[in-house]
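Q: What follows is a structure written as structure tokens; I'll ask about it next.
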Amino acid sequence: MVVILDLMRMAGALAEGATGAVTISSASELDLVRRWCERTGNTLITTSPADAGLGAVLVRRGRLPDPAATLGPDRLPGARLWLYTNFHCNLACDYCCAASSPRAERRELGVERIGRLVRAGADWGVHEVYLTGGEPFLLPEIARIVADCVRLLPTTLLTNGMLFRGPGLRALQAMPREGFALQISLDSATPDVHDGHRGAGSWARAVAGIGVALGEGFRVRVAATIASPHAADLAALHDFLDGLGIARADQVIRPVAQQGAADTGVQFSRESLVPEVTVTADGVYWHPVAATDERALVSTQIEPLGPALSEVYRLFAEQWAAAGAAARLFPCA
Amino acid sequence: MSEQLLIGAVAYTPNVVPIWEGIREYFAESPAPMDFVLFSNYGRQVEALRAGQVDIAWNTNLAYVRTVLQTGGRARALAMRDTDTRFATVFVARTGSGLSGPDSIAGRRLALGSADSAQAAILPLYYLARAGVDVTRLEVTRFDSDIGKHGDTGRSELDAIDAVLAGEADVAAIGITTWDGIGGGELMPEALEAVWQTEPYCHCMFTALDTLPAERHEPWVSTLLAMDWGRPAHRRILELEGLHRWVRPELDGYAGLFAAVEEQGVTKWW
Ligand code: SF4
């Protein structure tokens, strides 16, 4: 009984959303705390006596916000599946979160395996697939990979847009227009900033690539990676993209992540990152911006994928309960 | 700004801030925009209402009764929670005490909450006396742990329960919301049981003075009554404040407290 009085006193002094601790001395007291929380609309954060450490259990005042309502259903873990098709790239951008470059090991997932992963993802409940790298257009089979994905789920392919010539153009032309979007990187309205990070001449070729993709009838999203965006630069970029015919909803601005080749940028930890399950040739990772970071490694076993998706969802649910609030969302799309 | 109604409330929990910020936000898009002021105790709040520093006070039942008595009847009841219309005091004892009904409490050691708590101090004695118990022969212990807050924190009631569990009192008088909060006899049936429960009475009340014209308070009250449990943004506030919907005043439910205040000589000031 005393534990209930302790709970009442503790909760009475807590603001909605704040957490407090009460001491329990047995598993039956933990059960009592659980039943009290259910009855009174509060949330037991500690779930097992072992987690309770020295007999202290954490209780949150009020219910947890619904992650689907807070994040949106398309941001729940498992809604998106990211696949790193390969790690090598024709560029070597200084902020690349995958540390890709022409010298990077290829680490290809492979056509067959990608097909199986997307099938497993669709069976598990994944809503959409993002293919990224490295530069996917360096893979001769990229059109087949895309077709295999689009057959099962809406798919976005991230590219620097610089290889739409010769075989790259033919691969592009072979890709489906329905259920498929290209996401091309462009960091500024003029060459200076973009070329500063991504190499001389890359801006002009990316702009040309956007034009080719639009001309071929593809939906094109343009993503800018900007360290500390100034309002004037952003406005200029939006104007420029408006001029190219890119819908505002398809103009994506994202911060630089301190991962891979980037030595400055926004820092992430698993705790602050809502997971977006990411598969590379090396394993299953928590999030695409940390796909080379050991701390973000969920499993080195890539197949079967279902258990890894479930595990990430379980870890997320725990993290959500522990944070007791919306984790800061870092979108890398 | 001069159009805004100013509502007073007492800060008895940290949640008073999100509650009133939520209510203010809800009213912002209404014909009756408002702001709020928080007080540390009901005495200050009633004083501010009388002085015209706030237009409407979110009062406990005792603060409402005191406003009526202090202003010679110039107080106006505007609205209350549905839960305020069915408040009650529950007398609890250790399980197996063998006590049942008001007669069994006669002559016992009774633990009461803060002296200014209607549910845990004033009305328990009033209803026991009405049930024929000689309250002068009770051995009363008072826990004045949240004086000024009129028992809102519930702390004094928990202290009274502690006394019963420790064997220092036979019975504790607590509000029905505290009884529900500790599980209403379901979570720990082996520890506490209800011995008797009073008839229902009314609790909190939005109170104005008759100097506030109806054309100023009526749009505010109508807007308040329109809050909807079915809408998540409203529901969050309603849940925090402990109600399903706001209702028009039911004044009959205060008769007992008016009588108790008079009988027990509870000061109409402070
Ligand atoms: S950011 Fe993209 S284009 Fe640049 S090196 Fe990395 S993978 Fe290649």
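Chain lettering (A, B, ...) mirrors the order of the structure tokens, residue numbering begins at 1 for each chain separately, and ligand numbering begins at 1 in order of display.
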Would you name the residues within 7 Å of ligand 1, counting only C-alpha atoms and all ligand atoms, and put them as a list in words?
A: Cys89, Asn90, Leu91, Ala92, Cys93, Tyr95, Cys96, Cys97, Ala98, Ala99, Ser100, Ser101, Gly133, Gly134, Glu135, Thr159, Asn160 and Arg198 of chain A
Q: Find the nearest atom pair between each residue of chain B and chain A for residues within 10 Å, count only C-alpha atoms, give distances in Å to one decimal, sort rows by chain and ascending number, and present the table as CSV.
A:
```
residue,atom,partner,partner_atom,distance
B:Tyr12,CA,A:Ala13,CA,8.9
B:Thr13,CA,A:Ala13,CA,6.1
B:Pro14,CA,A:Ala15,CA,4.8
B:Asn15,CA,A:Ala15,CA,5.0
B:Val16,CA,A:Ala15,CA,8.6
B:Val17,CA,A:Ala15,CA,8.8
B:Pro18,CA,A:Glu16,CA,7.9
B:Ile19,CA,A:Glu16,CA,9.6
B:Asp152,CA,A:Gly12,CA,10.0
B:Thr153,CA,A:Gly12,CA,6.8
B:Gly154,CA,A:Gly12,CA,8.0
B:Arg155,CA,A:Arg9,CA,6.8
B:Leu158,CA,A:Leu5,CA,6.5
B:Asp159,CA,A:Leu5,CA,9.0
B:Ile161,CA,A:Leu5,CA,8.5
B:Asp162,CA,A:Val2,CA,8.1
B:Leu165,CA,A:Val2,CA,8.7
B:Thr178,CA,A:Met8,CA,8.7
B:Asp180,CA,A:Thr40,CA,8.7
B:Gly181,CA,A:Thr40,CA,6.7
B:Ile182,CA,A:Ile4,CA,6.2
B:Gly183,CA,A:Trp36,CA,7.0
B:Glu186,CA,A:Trp36,CA,10.0
B:Leu187,CA,A:Leu32,CA,7.0
B:Met188,CA,A:Met1,CA,6.1
B:Pro189,CA,A:Met1,CA,9.2
B:Glu190,CA,A:Met1,CA,8.8
B:Ala191,CA,A:Met1,CA,6.4
B:Leu192,CA,A:Met1,CA,8.4
B:Arg236,CA,A:Gly62,CA,9.7
B:Glu239,CA,A:Gly41,CA,9.1
B:Leu240,CA,A:Glu16,CA,8.2
```
Q: Those selected residues, please, written with C-alpha atoms and delivered as a tab-separated table (two decimals), in the first residue's frame.
A:
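Writing the result to result_36.tsv gives the following:
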```tsv
chain	number	residue	atom	x	y	z
B	12	TYR	CA	-1.55	23.48	-6.58
B	13	THR	CA	0.31	21.26	-9.09
B	14	PRO	CA	2.84	21.98	-11.84
B	15	ASN	CA	0.14	20.89	-14.29
B	16	VAL	CA	-1.86	24.01	-13.61
B	17	VAL	CA	0.43	25.78	-16.11
B	18	PRO	CA	-0.17	23.41	-19.06
B	19	ILE	CA	-3.86	23.22	-18.17
B	152	ASP	CA	-6.31	20.31	-3.69
B	153	THR	CA	-2.89	18.69	-3.49
B	154	GLY	CA	-4.33	15.62	-1.75
B	155	ARG	CA	-1.24	15.56	0.43
B	158	LEU	CA	-2.38	10.82	2.14
B	159	ASP	CA	-0.95	11.81	5.52
B	161	ILE	CA	-4.14	7.47	5.40
B	162	ASP	CA	-0.56	6.98	6.62
B	165	LEU	CA	-1.93	2.33	8.18
B	178	THR	CA	-8.06	10.44	-3.56
B	180	ASP	CA	-10.10	6.55	-6.58
B	181	GLY	CA	-6.50	7.61	-6.98
B	182	ILE	CA	-5.26	4.94	-4.58
B	183	GLY	CA	-7.35	2.30	-6.28
B	186	GLU	CA	-9.30	-2.60	-5.72
B	187	LEU	CA	-5.53	-2.26	-5.88
B	188	MET	CA	-4.80	-3.05	-2.25
B	189	PRO	CA	-7.92	-4.65	-0.81
B	190	GLU	CA	-5.85	-6.23	1.93
B	191	ALA	CA	-4.75	-2.82	3.24
B	192	LEU	CA	-7.69	-0.40	3.26
B	236	ARG	CA	-5.78	16.50	-23.08
B	239	GLU	CA	-8.06	14.84	-18.60
B	240	LEU	CA	-5.47	16.95	-16.83
```
Q: So how many Å separate atom CA of A:Gln319 and atom CA of B:Arg231, to one decimal?
A: 27.8 Å
Q: So which bits of stretch 106-321 of chain A end up strand (DSSP E) when you DSSP the backbone, as a PyMOL selection string?
A: chain A and resi 128-132+155-159+180-185+219-226+251-255+278-280+283-285+297-299
Q: When you look at stretch 76-92 of chain B with a cut-off of 6 Å (counting only C-alpha atoms), what residues show up, excluding the ones that are within fewer than 5 positions of it in the same chain? I need them as an MDAnalysis selection string.
A: chainID B and resid 119 171:176 193:198 200:209 243 245:249
Q: Could you give me, as a VMD selection string, the residues within 10 Å of stretch 121-128 of chain A, counting only C-alpha atoms and dropping anything in the same chain fewer than 5 positions from it?
A: chain A and resid 73 to 82 115 to 116 149 to 150 152 to 156 179 to 180 277 304 to 307 309 to 310
Q: I'd like the neighbourhood of B:Arg74 as a CSV table (one decimal) with N, CA and C atoms, in the first residue's frame, where a residue qualifies if any of its atoms comes within 10 Å (using only C-alpha atoms), though same-chain residues fewer than 4 positions away should be ignored.
A:
```csv
chain,number,residue,atom,x,y,z
B,50,ARG,N,-12.5,39.9,-5.4
B,50,ARG,CA,-13.3,41.0,-4.8
B,50,ARG,C,-12.7,42.3,-5.2
B,67,THR,N,-16.5,33.3,-1.0
B,67,THR,CA,-16.8,34.4,-1.8
B,67,THR,C,-18.2,34.9,-1.6
B,68,VAL,N,-19.1,34.0,-1.6
B,68,VAL,CA,-20.5,34.3,-1.3
B,68,VAL,C,-20.7,35.1,0.0
B,69,LEU,N,-20.0,34.5,1.0
B,69,LEU,CA,-20.2,35.1,2.4
B,69,LEU,C,-19.5,36.4,2.5
B,70,GLN,N,-18.3,36.5,1.9
B,70,GLN,CA,-17.6,37.8,2.0
B,70,GLN,C,-18.2,38.9,1.2
B,208,ALA,N,-17.8,34.5,-10.4
B,208,ALA,CA,-17.5,35.9,-10.7
B,208,ALA,C,-18.3,36.7,-9.7
B,209,LEU,N,-18.2,38.0,-9.8
B,209,LEU,CA,-19.1,38.9,-9.0
B,209,LEU,C,-20.2,39.5,-9.9
B,210,ASP,N,-21.2,40.0,-9.3
B,210,ASP,CA,-22.3,40.5,-10.1
B,210,ASP,C,-22.0,41.7,-10.9
B,211,THR,N,-20.8,42.3,-10.6
B,211,THR,CA,-20.3,43.4,-11.4
B,211,THR,C,-19.9,43.0,-12.8
```
Q: I'd like the neighbourhood of B:Glu25 as a PyMOL selection string, where a residue qualifies if any of its atoms comes within 10 Å (using only C-alpha atoms), though same-chain residues fewer than 6 positions away should be ignored.
A: chain B and resi 19+33-35
Q: Pick from A:Leu244, A:Tyr84, A:Ser185, A:Glu318: nearest to A:Ala290, with only C-alpha atoms counted?
A: A:Tyr84
Q: Grab the atom CA of B:Arg216 to atom CA of B:Ser40 distance for me, in Å with one decimal place.
A: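 Computing the Euclidean distance for atom CA of B:Arg216 and atom CA of B:Ser40 yields 26.3 Å.
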Q: So what do you get for atom CA of B:Leu128 versus atom CA of B:Tyr42, distance-wise?
A: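 Here the two named atoms are 26.1 Å from each other.
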Q: Leaving out stretch 257-263 of chain B and any residue of its chain fewer than 2 positions from it, which residues lie within 10 Å of it when counting only C-alpha atoms, given as a CSV table (one decimal) with N, CA and C atoms, in the first residue's frame?
A:
```
chain,number,residue,atom,x,y,z
B,61,ASN,N,-14.9,24.5,-3.6
B,61,ASN,CA,-16.2,24.7,-3.0
B,61,ASN,C,-16.1,25.7,-1.8
B,62,LEU,N,-15.0,25.5,-1.0
B,62,LEU,CA,-14.9,26.5,0.2
B,62,LEU,C,-14.6,27.9,-0.3
B,64,TYR,N,-15.6,29.2,-3.1
B,64,TYR,CA,-16.9,29.7,-3.6
B,64,TYR,C,-17.8,30.2,-2.4
B,65,VAL,N,-17.9,29.3,-1.4
B,65,VAL,CA,-18.7,29.7,-0.2
B,65,VAL,C,-18.2,30.9,0.4
B,66,ARG,N,-16.9,31.0,0.5
B,66,ARG,CA,-16.3,32.2,1.2
B,66,ARG,C,-16.5,33.4,0.3
B,68,VAL,N,-19.1,34.0,-1.6
B,68,VAL,CA,-20.5,34.3,-1.3
B,68,VAL,C,-20.7,35.1,0.0
B,69,LEU,N,-20.0,34.5,1.0
B,69,LEU,CA,-20.2,35.1,2.4
B,69,LEU,C,-19.5,36.4,2.5
B,118,ALA,N,-12.6,21.1,2.4
B,118,ALA,CA,-14.0,20.7,2.6
B,118,ALA,C,-14.1,19.2,2.7
B,119,GLN,N,-13.5,18.5,1.8
B,119,GLN,CA,-13.7,17.1,1.7
B,119,GLN,C,-13.0,16.3,2.8
B,122,ILE,N,-13.8,19.6,6.8
B,122,ILE,CA,-15.0,20.3,7.2
B,122,ILE,C,-16.3,19.4,7.0
B,123,LEU,N,-16.4,18.9,5.8
B,123,LEU,CA,-17.6,18.1,5.6
B,123,LEU,C,-17.7,16.8,6.3
B,124,PRO,N,-16.5,16.1,6.5
B,124,PRO,CA,-16.6,14.8,7.2
B,124,PRO,C,-17.3,15.0,8.6
B,125,LEU,N,-16.9,16.0,9.3
B,125,LEU,CA,-17.5,16.3,10.6
B,125,LEU,C,-19.0,16.6,10.5
B,126,TYR,N,-19.3,17.4,9.5
B,126,TYR,CA,-20.7,17.9,9.2
B,126,TYR,C,-21.6,16.7,9.0
B,127,TYR,N,-21.1,15.8,8.0
B,127,TYR,CA,-22.0,14.6,7.7
B,127,TYR,C,-22.0,13.6,8.8
B,129,ALA,N,-22.0,14.3,12.0
B,129,ALA,CA,-22.9,14.9,12.9
B,129,ALA,C,-24.4,14.7,12.4
B,201,TYR,N,-21.8,15.8,-2.9
B,201,TYR,CA,-21.9,17.3,-2.8
B,201,TYR,C,-21.1,17.9,-3.9
B,202,CYS,N,-21.2,19.2,-4.1
B,202,CYS,CA,-20.5,19.8,-5.2
B,202,CYS,C,-19.1,20.3,-4.8
B,203,HIS,N,-18.2,20.4,-5.7
B,203,HIS,CA,-16.8,20.8,-5.4
B,203,HIS,C,-16.5,22.2,-6.1
B,253,GLY,N,-25.8,21.5,-4.3
B,253,GLY,CA,-24.7,20.7,-3.8
B,253,GLY,C,-23.8,21.5,-2.9
B,254,TYR,N,-24.1,22.8,-2.6
B,254,TYR,CA,-23.2,23.6,-1.7
B,254,TYR,C,-23.9,23.8,-0.4
B,255,ALA,N,-25.2,23.4,-0.3
B,255,ALA,CA,-26.0,23.7,1.0
B,255,ALA,C,-25.3,23.1,2.2
B,265,GLY,N,-18.2,27.3,12.7
B,265,GLY,CA,-17.5,28.5,12.9
B,265,GLY,C,-16.3,28.7,12.0
B,266,VAL,N,-16.3,28.1,10.8
B,266,VAL,CA,-15.2,28.3,9.9
B,266,VAL,C,-15.1,29.7,9.5
B,267,THR,N,-14.0,30.4,9.6
B,267,THR,CA,-14.0,31.8,9.3
B,267,THR,C,-14.3,32.0,7.8
B,268,LYS,N,-15.1,33.1,7.6
B,268,LYS,CA,-15.4,33.4,6.2
B,268,LYS,C,-14.3,34.1,5.5
```
Q: Under the rule that only C-alpha atoms are counted, which of B:Ile7, B:Val221, B:Pro232, B:Ala214 is the nearest residue to A:Asp66?
A: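 Looking at the shortest contact to A:Asp66, the residue is B:Pro232.
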Q: I'd like to know which of B:His217, B:Thr71, B:Asp103, B:Ala121 is closest to B:Leu6, using only C-alpha atoms.
A: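 Once distances to B:Leu6 are computed over only C-alpha atoms, the minimum belongs to B:His217.
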